[in-house]
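Source file: data.pdb. Holds: PDB, C-alpha atoms.
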```pdb
ATOM      1  CA  MET A  16     -22.515   7.093  -3.924
ATOM      2  CA  PHE A  17     -22.208  10.805  -3.132
ATOM      3  CA  ALA A  18     -25.957  11.201  -2.581
ATOM      4  CA  SER A  19     -26.080   8.292  -0.143
ATOM      5  CA  TYR A  20     -23.112   9.779   1.770
ATOM      6  CA  LYS A  21     -24.937  13.108   2.128
ATOM      7  CA  TYR A  22     -28.020  11.244   3.338
ATOM      8  CA  PHE A  23     -25.938   9.358   5.959
ATOM      9  CA  VAL A  24     -24.369  12.614   7.203
ATOM     10  CA  TYR A  25     -27.835  14.196   7.354
ATOM     11  CA  LEU A  26     -29.211  11.290   9.385
ATOM     12  CA  PHE A  27     -26.201  11.220  11.705
ATOM     13  CA  SER A  28     -26.332  14.964  12.318
ATOM     14  CA  ASN A  29     -30.014  14.691  13.237
ATOM     15  CA  LEU A  30     -29.392  11.827  15.660
ATOM     16  CA  ILE A  31     -27.060  13.876  17.859
ATOM     17  CA  PRO A  32     -29.692  16.463  18.870
ATOM     18  CA  ALA A  33     -32.182  13.652  19.518
ATOM     19  CA  LYS A  34     -29.675  11.959  21.819
ATOM     20  CA  ALA A  35     -28.777  15.275  23.473
ATOM     21  CA  MET A  36     -32.469  15.896  24.121
ATOM     22  CA  GLY A  37     -32.515  12.791  26.270
ATOM     23  CA  PHE A  38     -34.749  10.479  24.273
ATOM     24  CA  PHE A  39     -32.468   7.629  25.298
ATOM     25  CA  LYS A  40     -32.349   8.619  28.977
ATOM     26  CA  PHE A  41     -35.823   7.381  29.915
ATOM     27  CA  LYS A  42     -35.034   3.680  29.695
ATOM     28  CA  LYS A  43     -36.167   2.795  33.197
ATOM     29  CA  MET A  44     -39.718   3.053  34.420
ATOM     30  CA  THR A  45     -40.958   6.274  35.917
ATOM     31  CA  GLU A  46     -39.947   6.682  39.534
ATOM     32  CA  ILE A  47     -42.740   7.290  42.026
ATOM     33  CA  SER A  48     -42.391  10.538  43.999
ATOM     34  CA  TYR A  49     -44.729  11.871  46.653
ATOM     35  CA  TYR A  50     -45.896  15.478  46.573
ATOM     36  CA  SER A  51     -48.105  17.809  48.475
ATOM     37  CA  PRO A  52     -51.124  19.060  46.493
ATOM     38  CA  GLU A  53     -49.394  22.469  46.182
ATOM     39  CA  GLY A  54     -46.171  20.903  44.907
ATOM     40  CA  LEU A  55     -47.958  18.878  42.229
ATOM     41  CA  LYS A  56     -49.993  21.925  41.177
ATOM     42  CA  LYS A  57     -46.753  23.888  40.816
ATOM     43  CA  LEU A  58     -45.325  21.188  38.517
ATOM     44  CA  ARG A  59     -48.478  21.109  36.392
ATOM     45  CA  ASP A  60     -48.546  24.917  36.140
ATOM     46  CA  GLU A  61     -44.926  24.904  34.988
ATOM     47  CA  LEU A  62     -45.746  22.308  32.323
ATOM     48  CA  VAL A  63     -48.677  24.401  31.060
ATOM     49  CA  GLN A  64     -46.407  27.474  30.934
ATOM     50  CA  LEU A  65     -43.778  25.604  28.925
ATOM     51  CA  GLU A  66     -46.257  24.026  26.502
ATOM     52  CA  GLN A  67     -48.625  26.939  25.962
ATOM     53  CA  VAL A  68     -46.345  29.974  26.257
ATOM     54  CA  GLU A  69     -42.702  29.034  25.758
ATOM     55  CA  ARG A  70     -43.158  26.477  22.957
ATOM     56  CA  PRO A  71     -45.137  28.867  20.695
ATOM     57  CA  ARG A  72     -42.647  31.673  21.422
ATOM     58  CA  VAL A  73     -39.712  29.509  20.334
ATOM     59  CA  THR A  74     -41.623  28.378  17.233
ATOM     60  CA  VAL A  75     -42.143  32.011  16.230
ATOM     61  CA  GLU A  76     -38.433  32.731  16.813
ATOM     62  CA  ILE A  77     -37.495  29.823  14.528
ATOM     63  CA  ALA A  78     -39.893  31.040  11.824
ATOM     64  CA  ASP A  79     -38.538  34.605  12.054
ATOM     65  CA  ALA A  80     -34.952  33.390  11.839
ATOM     66  CA  ARG A  81     -35.812  31.098   8.909
ATOM     67  CA  ASP A  82     -37.223  34.079   7.002
ATOM     68  CA  LYS A  83     -33.894  35.908   7.268
ATOM     69  CA  GLY A  84     -32.188  33.819   4.619
ATOM     70  CA  ASP A  85     -29.525  31.139   4.336
ATOM     71  CA  LEU A  86     -29.934  28.710   7.232
ATOM     72  CA  SER A  87     -26.384  27.385   7.068
ATOM     73  CA  GLU A  88     -24.973  30.754   8.140
ATOM     74  CA  ASN A  89     -27.874  31.930  10.277
ATOM     75  CA  ALA A  90     -26.743  31.931  13.920
ATOM     76  CA  GLU A  91     -30.143  33.176  15.082
ATOM     77  CA  TYR A  92     -31.827  30.131  13.530
ATOM     78  CA  HIS A  93     -29.361  27.700  15.108
ATOM     79  CA  ALA A  94     -29.722  29.369  18.516
ATOM     80  CA  ALA A  95     -33.523  29.147  18.288
ATOM     81  CA  LYS A  96     -33.342  25.470  17.281
ATOM     82  CA  GLU A  97     -31.027  24.766  20.219
ATOM     83  CA  GLU A  98     -33.409  26.568  22.561
ATOM     84  CA  GLN A  99     -36.230  24.467  21.145
ATOM     85  CA  SER A 100     -34.342  21.235  21.838
ATOM     86  CA  HIS A 101     -33.644  22.309  25.446
ATOM     87  CA  LEU A 102     -37.299  23.271  25.894
ATOM     88  CA  GLU A 103     -38.561  19.949  24.510
ATOM     89  CA  PHE A 104     -36.159  18.077  26.790
ATOM     90  CA  LYS A 105     -37.431  20.038  29.793
ATOM     91  CA  ILE A 106     -41.060  19.335  28.816
ATOM     92  CA  ALA A 107     -40.366  15.598  28.399
ATOM     93  CA  LYS A 108     -38.569  15.447  31.731
ATOM     94  CA  LEU A 109     -41.382  17.321  33.502
ATOM     95  CA  LYS A 110     -44.015  15.028  31.973
ATOM     96  CA  ASN A 111     -41.999  12.055  33.207
ATOM     97  CA  VAL A 112     -41.890  13.477  36.749
ATOM     98  CA  ILE A 113     -45.624  14.275  36.731
ATOM     99  CA  SER A 114     -46.509  10.798  35.469
ATOM    100  CA  GLY A 115     -44.802   9.313  38.539
ATOM    101  CA  ALA A 116     -46.152  11.886  40.992
ATOM    102  CA  ARG A 117     -48.508  10.840  43.759
ATOM    103  CA  ILE A 118     -50.256  13.054  46.302
ATOM    104  CA  LEU A 119     -49.470  11.933  49.822
ATOM    105  CA  ASP A 120     -52.280  11.717  52.391
ATOM    106  CA  GLU A 121     -50.448  13.121  55.388
ATOM    107  CA  SER A 122     -53.180  12.063  57.819
ATOM    108  CA  GLN A 123     -52.156   8.424  57.268
ATOM    109  CA  LEU A 124     -48.481   8.961  58.140
ATOM    110  CA  ASP A 125     -46.814   7.896  61.375
ATOM    111  CA  THR A 126     -46.011  11.086  63.293
ATOM    112  CA  SER A 127     -43.433   9.437  65.539
ATOM    113  CA  LYS A 128     -40.900   9.008  62.713
ATOM    114  CA  VAL A 129     -39.300  11.346  60.209
ATOM    115  CA  LEU A 130     -40.957  10.697  56.831
ATOM    116  CA  ILE A 131     -41.540  12.672  53.662
ATOM    117  CA  HIS A 132     -43.521  15.867  54.409
ATOM    118  CA  SER A 133     -42.356  15.834  58.032
ATOM    119  CA  ASN A 134     -41.336  19.078  59.675
ATOM    120  CA  VAL A 135     -38.270  18.188  61.693
ATOM    121  CA  VAL A 136     -36.158  20.205  64.113
ATOM    122  CA  ILE A 137     -32.586  18.930  64.234
ATOM    123  CA  LYS A 138     -29.625  19.957  66.374
ATOM    124  CA  ASN A 139     -26.058  19.787  65.116
ATOM    125  CA  ALA A 140     -24.155  17.775  67.744
ATOM    126  CA  LEU A 141     -20.890  19.566  66.933
ATOM    127  CA  ASN A 142     -21.913  23.207  67.383
ATOM    128  CA  GLY A 143     -25.386  22.987  68.975
ATOM    129  CA  MET A 144     -27.143  24.922  66.197
ATOM    130  CA  GLU A 145     -30.776  24.009  65.558
ATOM    131  CA  PHE A 146     -32.359  23.840  62.109
ATOM    132  CA  THR A 147     -35.946  23.302  61.021
ATOM    133  CA  TYR A 148     -36.625  21.546  57.728
ATOM    134  CA  ARG A 149     -39.562  20.066  55.885
ATOM    135  CA  LEU A 150     -38.649  16.940  53.921
ATOM    136  CA  VAL A 151     -40.079  17.138  50.394
ATOM    137  CA  ALA A 152     -39.691  15.593  46.935
ATOM    138  CA  ASP A 153     -36.726  16.636  44.783
ATOM    139  CA  SER A 154     -38.614  19.126  42.618
ATOM    140  CA  GLU A 155     -40.071  20.912  45.673
ATOM    141  CA  THR A 156     -36.643  21.459  47.270
ATOM    142  CA  ASP A 157     -35.974  25.011  48.443
ATOM    143  CA  VAL A 158     -33.323  25.040  51.185
ATOM    144  CA  ARG A 159     -33.638  28.794  51.770
ATOM    145  CA  ASN A 160     -37.283  28.268  52.716
ATOM    146  CA  GLY A 161     -36.549  25.199  54.840
ATOM    147  CA  LYS A 162     -37.586  22.557  52.274
ATOM    148  CA  LEU A 163     -35.028  19.776  52.063
ATOM    149  CA  SER A 164     -35.081  16.893  49.585
ATOM    150  CA  VAL A 165     -35.644  13.412  50.994
ATOM    151  CA  ASN A 166     -32.959  12.269  48.530
ATOM    152  CA  SER A 167     -30.299  14.653  49.867
ATOM    153  CA  PRO A 168     -27.680  13.177  52.218
ATOM    154  CA  ILE A 169     -29.275  14.862  55.252
ATOM    155  CA  GLY A 170     -32.797  13.898  54.144
ATOM    156  CA  LYS A 171     -31.810  10.260  53.656
ATOM    157  CA  GLY A 172     -30.056  10.198  57.023
ATOM    158  CA  LEU A 173     -33.090  11.573  58.854
ATOM    159  CA  LEU A 174     -35.701   9.248  57.326
ATOM    160  CA  GLY A 175     -37.097   6.826  59.893
ATOM    161  CA  LYS A 176     -35.508   8.546  62.910
ATOM    162  CA  GLN A 177     -37.532   9.352  66.022
ATOM    163  CA  VAL A 178     -37.297  12.204  68.517
ATOM    164  CA  GLY A 179     -34.123  11.858  70.574
ATOM    165  CA  GLU A 180     -32.280   9.689  68.045
ATOM    166  CA  VAL A 181     -29.009  10.845  66.505
ATOM    167  CA  ALA A 182     -28.551  10.605  62.766
ATOM    168  CA  GLU A 183     -24.994  10.123  61.546
ATOM    169  CA  ILE A 184     -24.928  11.546  58.052
ATOM    170  CA  GLU A 185     -22.087  11.184  55.596
ATOM    171  CA  VAL A 186     -21.541  14.468  53.746
ATOM    172  CA  PRO A 187     -18.673  15.476  51.458
ATOM    173  CA  SER A 188     -16.784  17.041  54.368
ATOM    174  CA  GLY A 189     -17.073  13.962  56.605
ATOM    175  CA  ILE A 190     -19.665  12.605  59.035
ATOM    176  CA  MET A 191     -22.082  14.988  60.733
ATOM    177  CA  LYS A 192     -24.278  14.101  63.688
ATOM    178  CA  PHE A 193     -27.754  15.573  64.084
ATOM    179  CA  GLU A 194     -30.117  14.916  66.982
ATOM    180  CA  VAL A 195     -33.828  14.896  66.128
ATOM    181  CA  MET A 196     -35.448  17.392  68.516
ATOM    182  CA  ALA A 197     -39.043  17.460  67.228
ATOM    183  CA  ILE A 198     -41.240  16.045  64.462
ATOM    184  CA  SER A 199     -44.531  17.500  63.268
ATOM    185  CA  ARG A 200     -46.876  17.485  60.263
ATOM    186  CA  GLU A 201     -48.379  20.838  59.382
TER     187      GLU A 201
END
```
Can the structure in the file be given as structure tokens, please?
Amino acid sequence: MFASYKYFVYLFSNLIPAKAMGFFKFKKMTEISYYSPEGLKKLRDELVQLEQVERPRVTVEIADARDKGDLSENAEYHAAKEEQSHLEFKIAKLKNVISGARILDESQLDTSKVLIHSNVVIKNALNGMEFTYRLVADSETDVRNGKLSVNSPIGKGLLGKQVGEVAEIEVPSGIMKFEVMAISRE
């Protein structure tokens, strides 16, 4: 009886990290996302870095911590194992994103409408300020460099708009109005 109880506790304690690592989060099919060739290369380079540099480093840390003695009281070992679980989750998530990634042929896109990979100049109707953004996939988002996610509230509100149209976008602070001033693909 006691041995089976210990086995149950062992199994249960090992299921929690597996669940925390997100193995149960990928129930739905991979979502398709469109990337520029540079954006997809950046994702692949990050995956190579994680798999070929970070994973071996963490494995060495676990081995070093294991050599220091009793694992039940070894905080270094537990920290390294936790880092390993976070790293494996990140690798799995990145592989999932890459498997659904597609390179977009920008020459085939309609230049009269705001679409993914459009450079768009918008004007805030309230204060007259103009902003220039490039609409990109989620993982390429970098607002400081003018790259805005197509899944952000502003990105979603601008999709399909043409020059001269006003996009009414619901943001946490209320509704903002932006006029589309120019659209380009560069």
### Message
Residue by residue, what does the PyMOL selection byres ((chain A and resi 92) around 12) grab here? Present the result as a PyMOL selection string.
### Response
chain A and resi 73-91+93-99
Within 10 Å of range 148-156 of chain A: each range 54-78 of chain A residue with its shortest pair, all atoms listed in the file, as JSON lines:
```
{"residue": "A:Gly54", "atom": "CA", "partner": "A:Glu155", "partner_atom": "CA", "distance": 6.1}
{"residue": "A:Leu55", "atom": "CA", "partner": "A:Glu155", "partner_atom": "CA", "distance": 8.8}
{"residue": "A:Lys57", "atom": "CA", "partner": "A:Glu155", "partner_atom": "CA", "distance": 8.8}
{"residue": "A:Leu58", "atom": "CA", "partner": "A:Ser154", "partner_atom": "CA", "distance": 8.1}
```
### Query
CA of Glu53 in chain A and CA of Met196 in chain A are how many Å apart?
26.8 Å
### Message
Report, in Å with one decimal, the straight-line distance from CA of Val129 in chain A to CA of Phe193 in chain A.
### Response
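So the two atoms, CA of Val129 in chain A and CA of Phe193 in chain A, lie 12.9 Å apart.
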### Task
Could you give me, as an NGL selection string, the residues that sit within 7 Å of (-40.9, 18.4, 62.7) in the file's coordinates, counting only C-alpha atoms?
:A and (133-136 or 197-200)
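Among A:Arg70, A:Lys128, A:Lys192, A:Arg59, the residue with the shortest atom-to-atom distance to Val112 in chain A, counting all atoms listed in the file, is A:Arg59.
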Expected residue set, 10 Å radius at (-27.1, 16.6, 62.4), all atoms listed in the file, as a compact mmCIF listing (two decimals) with C-alpha atoms, in the coordinates of the input:
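Final file, point-v1.txt:
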```txt
# COMPACT_ATOMS: atom_id res chain seq x y z
CA VAL A 136 -36.16 20.20 64.11
CA ILE A 137 -32.59 18.93 64.23
CA LYS A 138 -29.62 19.96 66.37
CA ASN A 139 -26.06 19.79 65.12
CA ALA A 140 -24.16 17.77 67.74
CA LEU A 141 -20.89 19.57 66.93
CA ASN A 142 -21.91 23.21 67.38
CA GLY A 143 -25.39 22.99 68.97
CA MET A 144 -27.14 24.92 66.20
CA GLU A 145 -30.78 24.01 65.56
CA PHE A 146 -32.36 23.84 62.11
CA ILE A 169 -29.28 14.86 55.25
CA GLY A 172 -30.06 10.20 57.02
CA LEU A 173 -33.09 11.57 58.85
CA VAL A 181 -29.01 10.84 66.50
CA ALA A 182 -28.55 10.60 62.77
CA GLU A 183 -24.99 10.12 61.55
CA ILE A 184 -24.93 11.55 58.05
CA ILE A 190 -19.66 12.60 59.04
CA MET A 191 -22.08 14.99 60.73
CA LYS A 192 -24.28 14.10 63.69
CA PHE A 193 -27.75 15.57 64.08
CA GLU A 194 -30.12 14.92 66.98
CA VAL A 195 -33.83 14.90 66.13
```
### Task
Find, counting only C-alpha atoms, the residue in A:Pro187, A:Leu62, A:His132, A:Tyr50 that gets nearest to Gly170 in chain A.
A:His132
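Minimum atom-to-atom distance to Ser164 in chain A, evaluated using only C-alpha atoms, belongs to A:Leu130 out of A:Leu130, A:Val178, A:Val186, A:Val68.
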### Query
Could you pull the residues within 8 Å of Arg117 in chain A, counting only C-alpha atoms, minus those fewer than 3 positions along the same chain, as a count of residues only?
4
### Query
Which residue gives the smallest distance to Asp125 in chain A among A:Val165, A:Ile113, A:Leu102, A:Leu174, with only C-alpha atoms counted?
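Among the listed residues, the smallest separation from Asp125 in chain A belongs to A:Leu174.
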### Query
What is the CA of Lys105 in chain A-CA of Glu69 in chain A distance in Å, reported with one decimal?
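Separation of CA of Lys105 in chain A and CA of Glu69 in chain A: 11.2 Å.
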All heavy atoms are what I want for range 190-201 of chain A; can you complete it accordingly and write them as a PDB file, in the coordinates of the input?
```pdb
ATOM      1  N   ILE A 190     -18.429  13.089  58.412  1.00  0.00           N
ATOM      2  CA  ILE A 190     -19.665  12.605  59.035  1.00  0.00           C
ATOM      3  C   ILE A 190     -20.173  13.667  60.007  1.00  0.00           C
ATOM      4  O   ILE A 190     -19.437  14.150  60.856  1.00  0.00           O
ATOM      5  CB  ILE A 190     -19.437  11.270  59.759  1.00  0.00           C
ATOM      6  CG1 ILE A 190     -19.092  10.188  58.744  1.00  0.00           C
ATOM      7  CG2 ILE A 190     -20.652  10.876  60.579  1.00  0.00           C
ATOM      8  CD1 ILE A 190     -18.832   8.824  59.336  1.00  0.00           C
ATOM      9  N   MET A 191     -21.448  14.014  59.835  1.00  0.00           N
ATOM     10  CA  MET A 191     -22.082  14.988  60.733  1.00  0.00           C
ATOM     11  C   MET A 191     -23.120  14.248  61.570  1.00  0.00           C
ATOM     12  O   MET A 191     -23.749  13.307  61.097  1.00  0.00           O
ATOM     13  CB  MET A 191     -22.757  16.103  59.929  1.00  0.00           C
ATOM     14  CG  MET A 191     -21.788  16.934  59.113  1.00  0.00           C
ATOM     15  SD  MET A 191     -22.616  18.276  58.238  1.00  0.00           S
ATOM     16  CE  MET A 191     -22.954  19.385  59.580  1.00  0.00           C
ATOM     17  N   LYS A 192     -23.296  14.702  62.802  1.00  0.00           N
ATOM     18  CA  LYS A 192     -24.278  14.101  63.688  1.00  0.00           C
ATOM     19  C   LYS A 192     -25.355  15.136  63.996  1.00  0.00           C
ATOM     20  O   LYS A 192     -25.050  16.255  64.387  1.00  0.00           O
ATOM     21  CB  LYS A 192     -23.622  13.620  64.983  1.00  0.00           C
ATOM     22  CG  LYS A 192     -22.657  12.483  64.775  1.00  0.00           C
ATOM     23  CD  LYS A 192     -22.057  12.018  66.083  1.00  0.00           C
ATOM     24  CE  LYS A 192     -21.066  10.892  65.836  1.00  0.00           C
ATOM     25  NZ  LYS A 192     -20.500  10.377  67.082  1.00  0.00           N
ATOM     26  N   PHE A 193     -26.609  14.719  63.794  1.00  0.00           N
ATOM     27  CA  PHE A 193     -27.754  15.573  64.084  1.00  0.00           C
ATOM     28  C   PHE A 193     -28.704  14.822  65.001  1.00  0.00           C
ATOM     29  O   PHE A 193     -29.050  13.670  64.739  1.00  0.00           O
ATOM     30  CB  PHE A 193     -28.511  15.939  62.802  1.00  0.00           C
ATOM     31  CG  PHE A 193     -27.737  16.825  61.867  1.00  0.00           C
ATOM     32  CD1 PHE A 193     -27.114  16.296  60.745  1.00  0.00           C
ATOM     33  CD2 PHE A 193     -27.640  18.190  62.103  1.00  0.00           C
ATOM     34  CE1 PHE A 193     -26.422  17.102  59.882  1.00  0.00           C
ATOM     35  CE2 PHE A 193     -26.934  19.004  61.234  1.00  0.00           C
ATOM     36  CZ  PHE A 193     -26.325  18.458  60.124  1.00  0.00           C
ATOM     37  N   GLU A 194     -29.118  15.497  66.075  1.00  0.00           N
ATOM     38  CA  GLU A 194     -30.117  14.916  66.982  1.00  0.00           C
ATOM     39  C   GLU A 194     -31.483  15.430  66.559  1.00  0.00           C
ATOM     40  O   GLU A 194     -31.669  16.618  66.324  1.00  0.00           O
ATOM     41  CB  GLU A 194     -29.837  15.320  68.431  1.00  0.00           C
ATOM     42  CG  GLU A 194     -30.819  14.707  69.397  1.00  0.00           C
ATOM     43  CD  GLU A 194     -30.565  15.119  70.837  1.00  0.00           C
ATOM     44  OE1 GLU A 194     -29.543  15.771  71.122  1.00  0.00           O
ATOM     45  OE2 GLU A 194     -31.428  14.780  71.680  1.00  0.00           O
ATOM     46  N   VAL A 195     -32.467  14.524  66.487  1.00  0.00           N
ATOM     47  CA  VAL A 195     -33.828  14.896  66.128  1.00  0.00           C
ATOM     48  C   VAL A 195     -34.491  15.445  67.389  1.00  0.00           C
ATOM     49  O   VAL A 195     -34.651  14.735  68.387  1.00  0.00           O
ATOM     50  CB  VAL A 195     -34.616  13.700  65.570  1.00  0.00           C
ATOM     51  CG1 VAL A 195     -36.050  14.091  65.263  1.00  0.00           C
ATOM     52  CG2 VAL A 195     -33.936  13.145  64.328  1.00  0.00           C
ATOM     53  N   MET A 196     -34.856  16.725  67.347  1.00  0.00           N
ATOM     54  CA  MET A 196     -35.448  17.392  68.516  1.00  0.00           C
ATOM     55  C   MET A 196     -36.966  17.329  68.509  1.00  0.00           C
ATOM     56  O   MET A 196     -37.588  17.201  69.553  1.00  0.00           O
ATOM     57  CB  MET A 196     -34.989  18.856  68.576  1.00  0.00           C
ATOM     58  CG  MET A 196     -33.479  19.029  68.555  1.00  0.00           C
ATOM     59  SD  MET A 196     -32.647  18.223  69.918  1.00  0.00           S
ATOM     60  CE  MET A 196     -33.086  19.284  71.265  1.00  0.00           C
ATOM     61  N   ALA A 197     -37.580  17.464  67.328  1.00  0.00           N
ATOM     62  CA  ALA A 197     -39.043  17.460  67.228  1.00  0.00           C
ATOM     63  C   ALA A 197     -39.452  17.061  65.821  1.00  0.00           C
ATOM     64  O   ALA A 197     -38.742  17.325  64.855  1.00  0.00           O
ATOM     65  CB  ALA A 197     -39.589  18.845  67.564  1.00  0.00           C
ATOM     66  N   ILE A 198     -40.658  16.442  65.742  1.00  0.00           N
ATOM     67  CA  ILE A 198     -41.240  16.045  64.462  1.00  0.00           C
ATOM     68  C   ILE A 198     -42.687  16.504  64.470  1.00  0.00           C
ATOM     69  O   ILE A 198     -43.412  16.285  65.458  1.00  0.00           O
ATOM     70  CB  ILE A 198     -41.189  14.511  64.270  1.00  0.00           C
ATOM     71  CG1 ILE A 198     -39.762  13.996  64.348  1.00  0.00           C
ATOM     72  CG2 ILE A 198     -41.838  14.121  62.940  1.00  0.00           C
ATOM     73  CD1 ILE A 198     -39.667  12.470  64.424  1.00  0.00           C
ATOM     74  N   SER A 199     -43.124  17.108  63.377  1.00  0.00           N
ATOM     75  CA  SER A 199     -44.531  17.500  63.268  1.00  0.00           C
ATOM     76  C   SER A 199     -44.969  17.410  61.802  1.00  0.00           C
ATOM     77  O   SER A 199     -44.164  17.320  60.903  1.00  0.00           O
ATOM     78  CB  SER A 199     -44.738  18.917  63.810  1.00  0.00           C
ATOM     79  OG  SER A 199     -44.054  19.848  63.015  1.00  0.00           O
ATOM     80  N   ARG A 200     -46.281  17.473  61.602  1.00  0.00           N
ATOM     81  CA  ARG A 200     -46.876  17.485  60.263  1.00  0.00           C
ATOM     82  C   ARG A 200     -47.849  18.649  60.208  1.00  0.00           C
ATOM     83  O   ARG A 200     -48.906  18.588  60.804  1.00  0.00           O
ATOM     84  CB  ARG A 200     -47.640  16.202  59.980  1.00  0.00           C
ATOM     85  CG  ARG A 200     -46.827  14.988  60.142  1.00  0.00           C
ATOM     86  CD  ARG A 200     -46.916  14.122  58.924  1.00  0.00           C
ATOM     87  NE  ARG A 200     -46.340  12.818  59.143  1.00  0.00           N
ATOM     88  CZ  ARG A 200     -45.042  12.583  59.204  1.00  0.00           C
ATOM     89  NH1 ARG A 200     -44.199  13.552  59.088  1.00  0.00           N
ATOM     90  NH2 ARG A 200     -44.579  11.382  59.397  1.00  0.00           N
ATOM     91  N   GLU A 201     -47.486  19.672  59.502  1.00  0.00           N
ATOM     92  CA  GLU A 201     -48.379  20.838  59.382  1.00  0.00           C
ATOM     93  C   GLU A 201     -48.444  21.308  57.980  1.00  0.00           C
ATOM     94  O   GLU A 201     -47.529  21.276  57.253  1.00  0.00           O
ATOM     95  CB  GLU A 201     -47.889  21.959  60.284  1.00  0.00           C
ATOM     96  CG  GLU A 201     -47.964  21.619  61.731  1.00  0.00           C
ATOM     97  CD  GLU A 201     -47.315  22.641  62.619  1.00  0.00           C
ATOM     98  OE1 GLU A 201     -46.845  23.684  62.149  1.00  0.00           O
ATOM     99  OE2 GLU A 201     -47.275  22.405  63.814  1.00  0.00           O
TER     100      GLU A 201
END
```
